[in-house]
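Asks: Dropping in target.cif, which is mmCIF, C-alpha atoms and all ligand atoms:
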```cif
data_protein
loop_
_atom_site.group_PDB
_atom_site.id
_atom_site.type_symbol
_atom_site.label_atom_id
_atom_site.label_comp_id
_atom_site.auth_asym_id
_atom_site.auth_seq_id
_atom_site.Cartn_x
_atom_site.Cartn_y
_atom_site.Cartn_z
ATOM 1 C CA MET H 1 0.000 0.000 0.000
ATOM 2 C CA TYR H 2 1.070 3.527 -0.639
ATOM 3 C CA HIS H 3 1.570 5.803 2.254
ATOM 4 C CA ILE H 4 1.539 9.465 1.367
ATOM 5 C CA ARG H 5 3.547 11.417 3.836
ATOM 6 C CA ARG H 6 2.448 14.994 4.205
ATOM 7 C CA HIS H 7 5.098 16.962 6.002
ATOM 8 C CA PRO H 8 3.501 19.955 7.707
ATOM 9 C CA ARG H 9 6.063 22.342 6.271
ATOM 10 C CA THR H 10 5.573 21.192 2.692
ATOM 11 C CA ASP H 11 1.775 21.074 2.826
ATOM 12 C CA VAL H 12 1.486 24.631 1.605
ATOM 13 C CA THR H 13 3.749 25.426 -1.318
ATOM 14 C CA PRO H 14 4.678 28.953 -2.381
ATOM 15 C CA ILE H 15 2.363 28.508 -5.360
ATOM 16 C CA ASP H 16 -0.528 27.648 -3.052
ATOM 17 C CA ARG H 17 0.176 30.797 -1.096
ATOM 18 C CA LEU H 18 0.320 32.887 -4.238
ATOM 19 C CA LEU H 19 -2.940 31.412 -5.508
ATOM 20 C CA ASP H 20 -4.576 32.013 -2.144
ATOM 21 C CA ARG H 21 -3.506 35.611 -2.234
ATOM 22 C CA LEU H 22 -4.691 36.129 -5.811
ATOM 23 C CA LEU H 23 -7.993 34.347 -5.338
ATOM 24 C CA SER H 24 -8.836 36.233 -2.175
ATOM 25 C CA ASN H 25 -8.199 39.557 -3.896
ATOM 26 C CA SER H 26 -11.318 40.602 -5.741
ATOM 27 C CA ASP H 27 -9.385 43.240 -7.703
ATOM 28 C CA VAL H 28 -7.380 40.643 -9.560
ATOM 29 C CA PRO H 29 -8.423 40.731 -13.189
ATOM 30 C CA GLY H 30 -7.966 38.005 -15.764
ATOM 31 C CA PRO H 31 -8.342 34.262 -15.721
ATOM 32 C CA LEU H 32 -7.646 33.661 -12.054
ATOM 33 C CA GLN H 33 -10.491 35.902 -11.071
ATOM 34 C CA THR H 34 -12.896 34.970 -13.835
ATOM 35 C CA HIS H 35 -12.201 31.292 -13.340
ATOM 36 C CA ARG H 36 -14.054 31.530 -10.043
ATOM 37 C CA MET H 37 -17.251 32.471 -11.802
ATOM 38 C CA GLY H 38 -17.707 28.968 -12.974
ATOM 39 C CA HIS H 39 -17.352 27.739 -9.399
ATOM 40 C CA GLY H 40 -20.111 29.618 -7.654
ATOM 41 C CA ASP H 41 -21.296 28.931 -4.156
ATOM 42 C CA GLY H 42 -24.568 27.586 -5.419
ATOM 43 C CA ASP H 43 -26.235 30.883 -6.134
ATOM 44 C CA HIS H 44 -25.609 31.967 -9.681
ATOM 45 C CA GLU H 45 -25.881 35.704 -9.215
ATOM 46 C CA HIS H 46 -22.736 37.496 -10.206
ATOM 47 C CA SER H 47 -21.395 40.447 -8.261
ATOM 48 C CA ASP H 48 -21.086 43.775 -10.095
ATOM 49 C CA ALA H 49 -17.356 43.279 -10.578
ATOM 50 C CA GLU H 50 -17.905 39.797 -11.972
ATOM 51 C CA ALA H 51 -20.681 41.030 -14.227
ATOM 52 C CA ASP H 52 -18.316 43.677 -15.592
ATOM 53 C CA ILE H 53 -15.663 41.117 -16.366
ATOM 54 C CA LEU H 54 -18.209 38.806 -17.978
ATOM 55 C CA ALA H 55 -19.501 41.700 -20.072
ATOM 56 C CA GLN H 56 -15.930 42.336 -21.181
ATOM 57 C CA PHE H 57 -15.537 38.735 -22.289
ATOM 58 C CA GLU H 58 -18.850 38.901 -24.106
ATOM 59 C CA GLU H 59 -17.775 42.021 -25.931
ATOM 60 C CA GLN H 60 -14.503 40.347 -26.825
ATOM 61 C CA ALA H 61 -16.424 37.332 -28.135
ATOM 62 C CA ASP H 62 -18.534 39.673 -30.279
ATOM 63 C CA GLU H 63 -15.408 41.212 -31.718
ATOM 64 C CA LEU H 64 -14.079 37.756 -32.507
ATOM 65 C CA HIS H 65 -17.348 36.881 -34.209
ATOM 66 C CA GLU H 66 -17.215 40.098 -36.168
ATOM 67 C CA ARG H 67 -13.704 39.474 -37.340
ATOM 68 C CA VAL H 68 -13.806 35.759 -38.076
ATOM 69 C CA VAL H 69 -17.394 35.277 -39.254
ATOM 70 C CA HIS H 70 -18.150 38.615 -40.887
ATOM 71 C CA ASP H 71 -14.838 39.979 -42.067
ATOM 72 C CA HIS H 72 -13.401 36.626 -43.159
ATOM 73 C CA GLY H 73 -16.574 34.659 -43.888
ATOM 74 C CA VAL H 74 -15.540 31.669 -41.801
ATOM 75 C CA PHE H 75 -18.180 29.381 -40.312
ATOM 76 C CA VAL H 76 -17.319 28.740 -36.650
ATOM 77 C CA ALA H 77 -18.597 25.820 -34.587
ATOM 78 C CA GLU H 78 -17.524 25.243 -31.002
ATOM 79 C CA PHE H 79 -17.687 21.820 -29.344
ATOM 80 C CA LEU H 80 -17.848 21.527 -25.572
ATOM 81 C CA GLY H 81 -18.228 18.665 -23.146
ATOM 82 C CA ALA H 82 -16.439 16.505 -20.626
ATOM 83 C CA THR H 83 -13.138 14.765 -21.200
ATOM 84 C CA GLY H 84 -13.917 11.544 -23.020
ATOM 85 C CA SER H 85 -17.338 12.623 -24.301
ATOM 86 C CA GLY H 86 -16.102 12.256 -27.884
ATOM 87 C CA LYS H 87 -15.597 15.861 -29.022
ATOM 88 C CA THR H 88 -12.399 15.104 -30.905
ATOM 89 C CA ARG H 89 -13.831 12.044 -32.642
ATOM 90 C CA LEU H 90 -16.974 13.954 -33.676
ATOM 91 C CA ILE H 91 -14.946 16.772 -35.202
ATOM 92 C CA GLU H 92 -12.734 14.214 -36.963
ATOM 93 C CA ARG H 93 -15.834 12.641 -38.487
ATOM 94 C CA LEU H 94 -17.130 16.022 -39.647
ATOM 95 C CA ILE H 95 -13.751 16.770 -41.217
ATOM 96 C CA GLU H 96 -13.662 13.386 -42.960
ATOM 97 C CA ARG H 97 -17.030 13.985 -44.610
ATOM 98 C CA ALA H 98 -16.303 17.544 -45.750
ATOM 99 C CA SER H 99 -15.812 18.177 -49.439
ATOM 100 C CA ASP H 100 -12.235 18.378 -50.730
ATOM 101 C CA ASP H 101 -12.390 22.082 -51.444
ATOM 102 C CA GLU H 102 -13.547 23.030 -47.942
ATOM 103 C CA GLU H 103 -10.644 24.583 -46.058
ATOM 104 C CA ILE H 104 -10.872 23.613 -42.413
ATOM 105 C CA GLY H 105 -9.059 24.834 -39.332
ATOM 106 C CA VAL H 106 -9.269 23.539 -35.774
ATOM 107 C CA ILE H 107 -8.423 25.264 -32.519
ATOM 108 C CA VAL H 108 -7.791 22.582 -29.934
ATOM 109 C CA GLY H 109 -8.045 23.476 -26.270
ATOM 110 C CA ASP H 110 -6.517 20.993 -23.873
ATOM 111 C CA VAL H 111 -4.961 21.379 -20.452
ATOM 112 C CA ALA H 112 -1.768 19.740 -21.683
ATOM 113 C CA GLY H 113 -0.276 17.917 -24.624
ATOM 114 C CA GLU H 114 -0.577 17.639 -28.385
ATOM 115 C CA ASP H 115 -2.616 14.436 -28.618
ATOM 116 C CA ASP H 116 -5.742 15.865 -30.214
ATOM 117 C CA ALA H 117 -3.797 18.377 -32.293
ATOM 118 C CA THR H 118 -1.764 15.496 -33.758
ATOM 119 C CA ARG H 119 -4.935 13.613 -34.647
ATOM 120 C CA PHE H 120 -6.318 16.630 -36.499
ATOM 121 C CA ARG H 121 -3.035 17.327 -38.272
ATOM 122 C CA GLU H 122 -3.081 13.775 -39.570
ATOM 123 C CA LEU H 123 -6.346 14.642 -41.338
ATOM 124 C CA GLY H 124 -4.563 17.417 -43.204
ATOM 125 C CA VAL H 125 -6.347 20.405 -41.665
ATOM 126 C CA SER H 126 -4.771 23.524 -40.139
ATOM 127 C CA VAL H 127 -4.423 23.213 -36.399
ATOM 128 C CA ALA H 128 -3.743 25.642 -33.568
ATOM 129 C CA ASN H 129 -3.085 23.901 -30.276
ATOM 130 C CA VAL H 130 -3.813 25.766 -27.037
ATOM 131 C CA ASN H 131 -2.571 24.296 -23.770
ATOM 132 C CA THR H 132 -4.417 26.020 -20.961
ATOM 133 C CA GLY H 133 -2.351 24.669 -18.062
ATOM 134 C CA LYS H 134 -4.446 25.358 -14.995
ATOM 135 C CA GLU H 135 -7.386 26.842 -16.874
ATOM 136 C CA CYS H 136 -10.456 24.699 -17.403
ATOM 137 C CA HIS H 137 -11.862 26.556 -20.417
ATOM 138 C CA LEU H 138 -10.908 28.625 -23.441
ATOM 139 C CA ASP H 139 -11.626 32.345 -23.380
ATOM 140 C CA PRO H 140 -11.759 34.826 -26.270
ATOM 141 C CA SER H 141 -8.166 35.973 -25.678
ATOM 142 C CA LEU H 142 -6.857 32.432 -25.981
ATOM 143 C CA VAL H 143 -8.814 32.001 -29.215
ATOM 144 C CA GLU H 144 -7.456 35.288 -30.514
ATOM 145 C CA GLY H 145 -3.926 34.092 -29.793
ATOM 146 C CA ALA H 146 -4.608 30.776 -31.534
ATOM 147 C CA LEU H 147 -5.867 32.586 -34.642
ATOM 148 C CA GLU H 148 -2.338 33.843 -35.231
ATOM 149 C CA ASP H 149 -1.452 30.278 -36.226
ATOM 150 C CA LEU H 150 -4.267 30.097 -38.784
ATOM 151 C CA ASP H 151 -4.841 31.797 -42.121
ATOM 152 C CA LEU H 152 -8.342 33.202 -41.789
ATOM 153 C CA ASP H 153 -8.434 34.284 -45.432
ATOM 154 C CA ALA H 154 -7.992 30.691 -46.512
ATOM 155 C CA LEU H 155 -10.481 29.059 -44.129
ATOM 156 C CA ASP H 156 -14.117 28.158 -44.802
ATOM 157 C CA THR H 157 -14.767 26.412 -41.512
ATOM 158 C CA LEU H 158 -13.245 26.699 -38.053
ATOM 159 C CA TYR H 159 -13.927 24.119 -35.374
ATOM 160 C CA ILE H 160 -13.084 25.031 -31.803
ATOM 161 C CA GLU H 161 -12.716 22.148 -29.375
ATOM 162 C CA ASN H 162 -12.972 23.531 -25.862
ATOM 163 C CA VAL H 163 -11.202 22.040 -22.856
ATOM 164 C CA GLY H 164 -12.988 18.983 -21.444
ATOM 165 C CA ASN H 165 -15.167 20.503 -18.740
ATOM 166 C CA MET H 166 -18.888 20.802 -18.034
ATOM 167 C CA VAL H 167 -18.870 23.878 -15.799
ATOM 168 C CA CYS H 168 -16.311 26.540 -16.588
ATOM 169 C CA PRO H 169 -16.977 27.227 -20.303
ATOM 170 C CA ALA H 170 -20.566 28.344 -19.616
ATOM 171 C CA ASP H 171 -19.558 31.949 -18.962
ATOM 172 C CA PHE H 172 -17.132 32.282 -21.855
ATOM 173 C CA PRO H 173 -18.706 32.535 -25.299
ATOM 174 C CA LEU H 174 -16.146 32.380 -28.093
ATOM 175 C CA GLY H 175 -18.124 33.999 -30.887
ATOM 176 C CA ALA H 176 -19.137 30.764 -32.639
ATOM 177 C CA GLN H 177 -22.281 30.452 -34.780
ATOM 178 C CA ALA H 178 -22.998 27.100 -33.178
ATOM 179 C CA ARG H 179 -22.077 26.008 -29.662
ATOM 180 C CA VAL H 180 -22.563 22.276 -29.486
ATOM 181 C CA LEU H 181 -22.475 20.476 -26.158
ATOM 182 C CA VAL H 182 -21.439 16.827 -26.318
ATOM 183 C CA VAL H 183 -22.374 14.377 -23.587
ATOM 184 C CA SER H 184 -22.010 10.653 -23.860
ATOM 185 C CA ALA H 185 -23.947 7.679 -22.589
ATOM 186 C CA THR H 186 -20.885 6.657 -20.577
ATOM 187 C CA GLU H 187 -21.108 9.774 -18.389
ATOM 188 C CA GLY H 188 -24.268 8.455 -16.736
ATOM 189 C CA ASP H 189 -27.776 9.212 -17.922
ATOM 190 C CA ASP H 190 -28.147 11.901 -15.241
ATOM 191 C CA VAL H 191 -25.308 13.962 -16.720
ATOM 192 C CA VAL H 192 -27.687 16.395 -18.424
ATOM 193 C CA ARG H 193 -29.707 17.370 -15.355
ATOM 194 C CA LYS H 194 -26.471 17.806 -13.407
ATOM 195 C CA HIS H 195 -25.237 20.526 -15.780
ATOM 196 C CA PRO H 196 -28.176 22.789 -16.617
ATOM 197 C CA LEU H 197 -26.170 26.016 -16.939
ATOM 198 C CA LEU H 198 -23.906 24.757 -19.679
ATOM 199 C CA PHE H 199 -26.868 23.387 -21.626
ATOM 200 C CA GLN H 200 -28.549 26.775 -21.402
ATOM 201 C CA ALA H 201 -25.402 28.439 -22.717
ATOM 202 C CA CYS H 202 -25.286 26.239 -25.837
ATOM 203 C CA ASP H 203 -27.201 25.985 -29.138
ATOM 204 C CA GLY H 204 -27.253 22.275 -29.797
ATOM 205 C CA ALA H 205 -26.754 19.047 -27.871
ATOM 206 C CA VAL H 206 -25.186 15.751 -28.893
ATOM 207 C CA ILE H 207 -25.752 12.536 -26.990
ATOM 208 C CA ASN H 208 -22.793 10.466 -28.111
ATOM 209 C CA LYS H 209 -21.728 6.836 -27.764
ATOM 210 C CA VAL H 210 -25.319 5.639 -28.200
ATOM 211 C CA ASP H 211 -23.911 2.355 -29.517
ATOM 212 C CA ILE H 212 -22.783 1.375 -26.027
ATOM 213 C CA ALA H 213 -25.676 2.864 -24.061
ATOM 214 C CA GLU H 214 -27.064 -0.543 -23.232
ATOM 215 C CA ALA H 215 -23.744 -1.841 -21.976
ATOM 216 C CA VAL H 216 -23.492 1.039 -19.508
ATOM 217 C CA ASN H 217 -27.200 0.956 -18.691
ATOM 218 C CA ALA H 218 -27.874 4.506 -19.889
ATOM 219 C CA ASP H 219 -31.437 5.605 -20.635
ATOM 220 C CA LEU H 220 -31.079 7.744 -23.771
ATOM 221 C CA ASP H 221 -34.733 8.829 -23.688
ATOM 222 C CA LEU H 222 -34.218 10.198 -20.200
ATOM 223 C CA MET H 223 -31.140 12.121 -21.326
ATOM 224 C CA GLU H 224 -33.011 13.595 -24.250
ATOM 225 C CA SER H 225 -36.052 14.551 -22.186
ATOM 226 C CA ASP H 226 -33.746 16.213 -19.640
ATOM 227 C CA VAL H 227 -32.320 18.324 -22.446
ATOM 228 C CA SER H 228 -35.772 19.450 -23.569
ATOM 229 C CA GLU H 229 -36.691 20.270 -19.992
ATOM 230 C CA ILE H 230 -33.583 22.399 -19.407
ATOM 231 C CA ALA H 231 -33.405 23.973 -22.864
ATOM 232 C CA PRO H 232 -36.736 23.417 -24.655
ATOM 233 C CA GLU H 233 -35.627 24.847 -28.011
ATOM 234 C CA MET H 234 -32.394 22.915 -28.196
ATOM 235 C CA PRO H 235 -31.990 20.470 -31.060
ATOM 236 C CA THR H 236 -30.566 17.178 -29.802
ATOM 237 C CA PHE H 237 -28.697 14.576 -31.838
ATOM 238 C CA ARG H 238 -27.956 10.989 -30.934
ATOM 239 C CA THR H 239 -24.669 9.930 -32.372
ATOM 240 C CA SER H 240 -22.059 7.266 -32.376
ATOM 241 C CA ALA H 241 -19.029 9.171 -33.553
ATOM 242 C CA GLU H 242 -17.126 5.908 -33.585
ATOM 243 C CA HIS H 243 -19.483 4.241 -36.061
ATOM 244 C CA GLY H 244 -20.889 7.302 -37.802
ATOM 245 C CA ASP H 245 -24.515 7.126 -36.615
ATOM 246 C CA GLY H 246 -26.330 10.455 -36.465
ATOM 247 C CA LEU H 247 -23.552 12.326 -38.265
ATOM 248 C CA ASP H 248 -25.773 13.232 -41.252
ATOM 249 C CA GLU H 249 -28.219 14.989 -38.961
ATOM 250 C CA LEU H 250 -25.511 16.808 -37.022
ATOM 251 C CA ALA H 251 -23.770 17.957 -40.215
ATOM 252 C CA ALA H 252 -27.103 19.148 -41.652
ATOM 253 C CA TYR H 253 -27.754 21.116 -38.471
ATOM 254 C CA LEU H 254 -24.373 22.845 -38.702
ATOM 255 C CA ASP H 255 -25.030 23.664 -42.360
ATOM 256 C CA GLU H 256 -28.358 25.130 -41.367
ATOM 257 C CA ARG H 257 -26.755 27.301 -38.665
ATOM 258 C CA GLY H 258 -24.570 28.782 -41.383
ATOM 259 C CA HIS H 259 -27.537 29.379 -43.667
ATOM 260 C CA VAL H 260 -29.691 30.938 -40.953
ATOM 261 C CA HIS H 261 -26.820 33.283 -40.372
ATOM 262 C CA ALA H 262 -26.695 34.091 -44.081
ATOM 263 C CA SER H 263 -30.419 34.795 -44.326
ATOM 264 C CA ASP H 264 -30.223 37.095 -41.289
ATOM 265 C CA HIS H 265 -27.701 38.974 -43.317
ATOM 266 C CA GLU H 266 -29.949 39.230 -46.355
ATOM 267 C CA ALA H 267 -32.884 40.371 -44.203
ATOM 268 C CA TYR H 268 -30.699 43.031 -42.676
ATOM 269 C CA VAL H 269 -29.480 44.240 -46.033
ATOM 270 C CA SER H 270 -32.959 44.482 -47.557
ATOM 271 C CA GLU H 271 -34.379 46.170 -44.477
ATOM 272 C CA THR H 272 -31.731 48.842 -44.201
ATOM 273 C CA GLY H 273 -30.846 49.189 -47.858
ATOM 274 C CA HIS H 274 -27.153 48.897 -47.168
ATOM 275 C CA SER H 275 -24.904 46.034 -46.499
ATOM 276 C CA HIS H 276 -22.886 45.458 -43.421
ATOM 277 C CA THR H 277 -20.719 48.291 -42.164
ATOM 278 C CA HIS H 278 -18.298 48.346 -39.315
ATOM 279 C CA GLU H 279 -19.436 51.578 -37.730
ATOM 280 C CA HIS H 280 -21.667 50.135 -35.066
ATOM 281 C CA THR H 281 -20.614 50.104 -31.478
ATOM 282 C CA HIS H 282 -20.809 47.021 -29.345
ATOM 283 C CA THR H 283 -22.877 48.292 -26.519
ATOM 284 C CA ASP H 284 -24.865 45.121 -26.121
ATOM 285 C CA GLY H 285 -23.540 41.803 -27.282
ATOM 286 C CA ARG H 286 -26.920 40.167 -27.112
ATOM 287 C CA THR H 287 -28.787 42.460 -29.475
ATOM 288 C CA HIS H 288 -25.757 42.639 -31.738
ATOM 289 C CA GLU H 289 -26.335 38.985 -32.606
ATOM 290 C CA HIS H 290 -29.653 39.909 -34.239
ATOM 291 C CA ASP H 291 -28.991 43.382 -35.505
ATOM 292 C CA HIS H 292 -26.058 42.976 -37.723
ATOM 293 C CA ALA H 293 -25.114 41.401 -40.936
ATOM 294 C CA HIS H 294 -24.134 37.801 -41.105
ATOM 295 C CA GLU H 295 -22.328 36.016 -43.800
ATOM 296 C CA ASP H 296 -21.337 32.466 -43.973
ATOM 297 C CA ARG H 297 -18.831 30.283 -45.694
ATOM 298 C CA ARG H 298 -21.325 28.970 -48.219
ATOM 299 C CA ASP H 299 -21.958 32.428 -49.670
ATOM 300 C CA HIS H 300 -18.256 32.837 -49.950
ATOM 301 C CA ALA H 301 -17.770 29.425 -51.474
ATOM 302 C CA HIS H 302 -20.394 30.283 -54.068
ATOM 303 C CA THR H 303 -18.880 33.595 -55.029
ATOM 304 C CA HIS H 304 -15.483 31.944 -55.399
ATOM 305 C CA ASP H 305 -16.835 29.209 -57.651
HETATM 306 MG MG MG X 1 -10.443 16.025 -27.205
#
```
Please lay out the structure from this file as structure tokens.

Replies:
Amino acid sequence: MYHIRRHPRTDVTPIDRLLDRLLSNSDVPGPLQTHRMGHGDGDHEHSDAEADILAQFEEQADELHERVVHDHGVFVAEFLGATGSGKTRLIERLIERASDDEEIGVIVGDVAGEDDATRFRELGVSVANVNTGKECHLDPSLVEGALEDLDLDALDTLYIENVGNMVCPADFPLGAQARVLVVSATEGDDVVRKHPLLFQACDGAVINKVDIAEAVNADLDLMESDVSEIAPEMPTFRTSAEHGDGLDELAAYLDERGHVHASDHEAYVSETGHSHTHEHTHTDGRTHEHDHAHEDRRDHAHTHD
């Protein structure tokens, strides 16, 4: 048997002390402070200072959206979910089925290592790997940094794989047109009801690994009805990324997200008589989503043809 000896003097390391100091100081900006927002004390009200920081991140996400989606015409889909839910495999499958002339990039968020990035590189797509270290989620700044490794002019589609986590990413939108939350049958069929906030922060849900649901005694109907209870409008897809089940439906949904975006754009243009300009100010990220022009990769693909 192992015996772990905890010497009193080494129990608290200098790093622990530093973290304690930073985390107890509410003036500390940046990840250390914002990180705490995902770890509330059970009540989900944010303090004024927290709300300010969250608003900043939201504004930053809007700017990202503006730049990547509007200025460069890239379709952006973010995948979130626990470690082992199958995010990487799902994105691999979507890449495999894309047409040859679709230029794809992937931003991979992982705490450590190059494992997923290597898998994507082997598929021949452009990859930016982000190791977050102690952070449990990507934020808009990390995505902005990762974009320096990608050629936005060349890309049609950008997949963002967030760090495996079901709590922290809820407060950090990344400007994607589709935020897809992946849970799998192996996480227990109560996984959905245990994570309502993240479901509410996303656009679509995937219940993955349905091929082994029986073996792990997971009730897929229960999982799906939990999703509709928590987020009634949310489209839900049952997939087996390993065997390809449900991929047609998921891919069609992502296509549709791009097209909805494009038709918003057309509606905006015909209503106002002018196309998208960059003069607007980002006073409210939420209304921005509906007010402004949207383009998508398919329009671009068509004009290039
Ligand atoms: Mg992964």

Asks: At what distance in Å, to one decimal, does CA of Glu144 (chain H) lie from CA of Gln60 (chain H)?

Replies: 9.4 Å

Asks: Please find the residues contacting ligand MG 1 (chain X) at a distance of at most 8 Å between atoms, with only C-alpha atoms and all ligand atoms counted, and report them as an NGL selection string.

Replies: :H and (83-84 or 86-89 or 108-110 or 116 or 161 or 163-164)

Asks: Looking at only C-alpha atoms, which of H:Ala51, H:Val130, H:Ala82, H:Cys202 is the one that sits closest to Glu148 (chain H)?

Replies: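 Nearest candidate to Glu148 (chain H) out of H:Ala51, H:Val130, H:Ala82, H:Cys202: H:Val130.
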
Asks: What is the distance, in Å and to one decimal place, between CA of Pro173 (chain H) and CA of Glu78 (chain H)?

Replies: 9.3 Å

Asks: Please indicate the distance in Å from CA of Ile91 (chain H) to CA of Ala112 (chain H), rounded to one decimal place.

Replies: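 Those two atoms sit 19.1 Å apart.
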
Asks: May I have the residues within 12 Å of region 122-129 of chain H as a PyMOL selection string, using only C-alpha atoms and disregarding those fewer than 3 positions away in the same chain?

Replies: chain H and resi 89+91-98+100-119+132+138+142-152+154-163
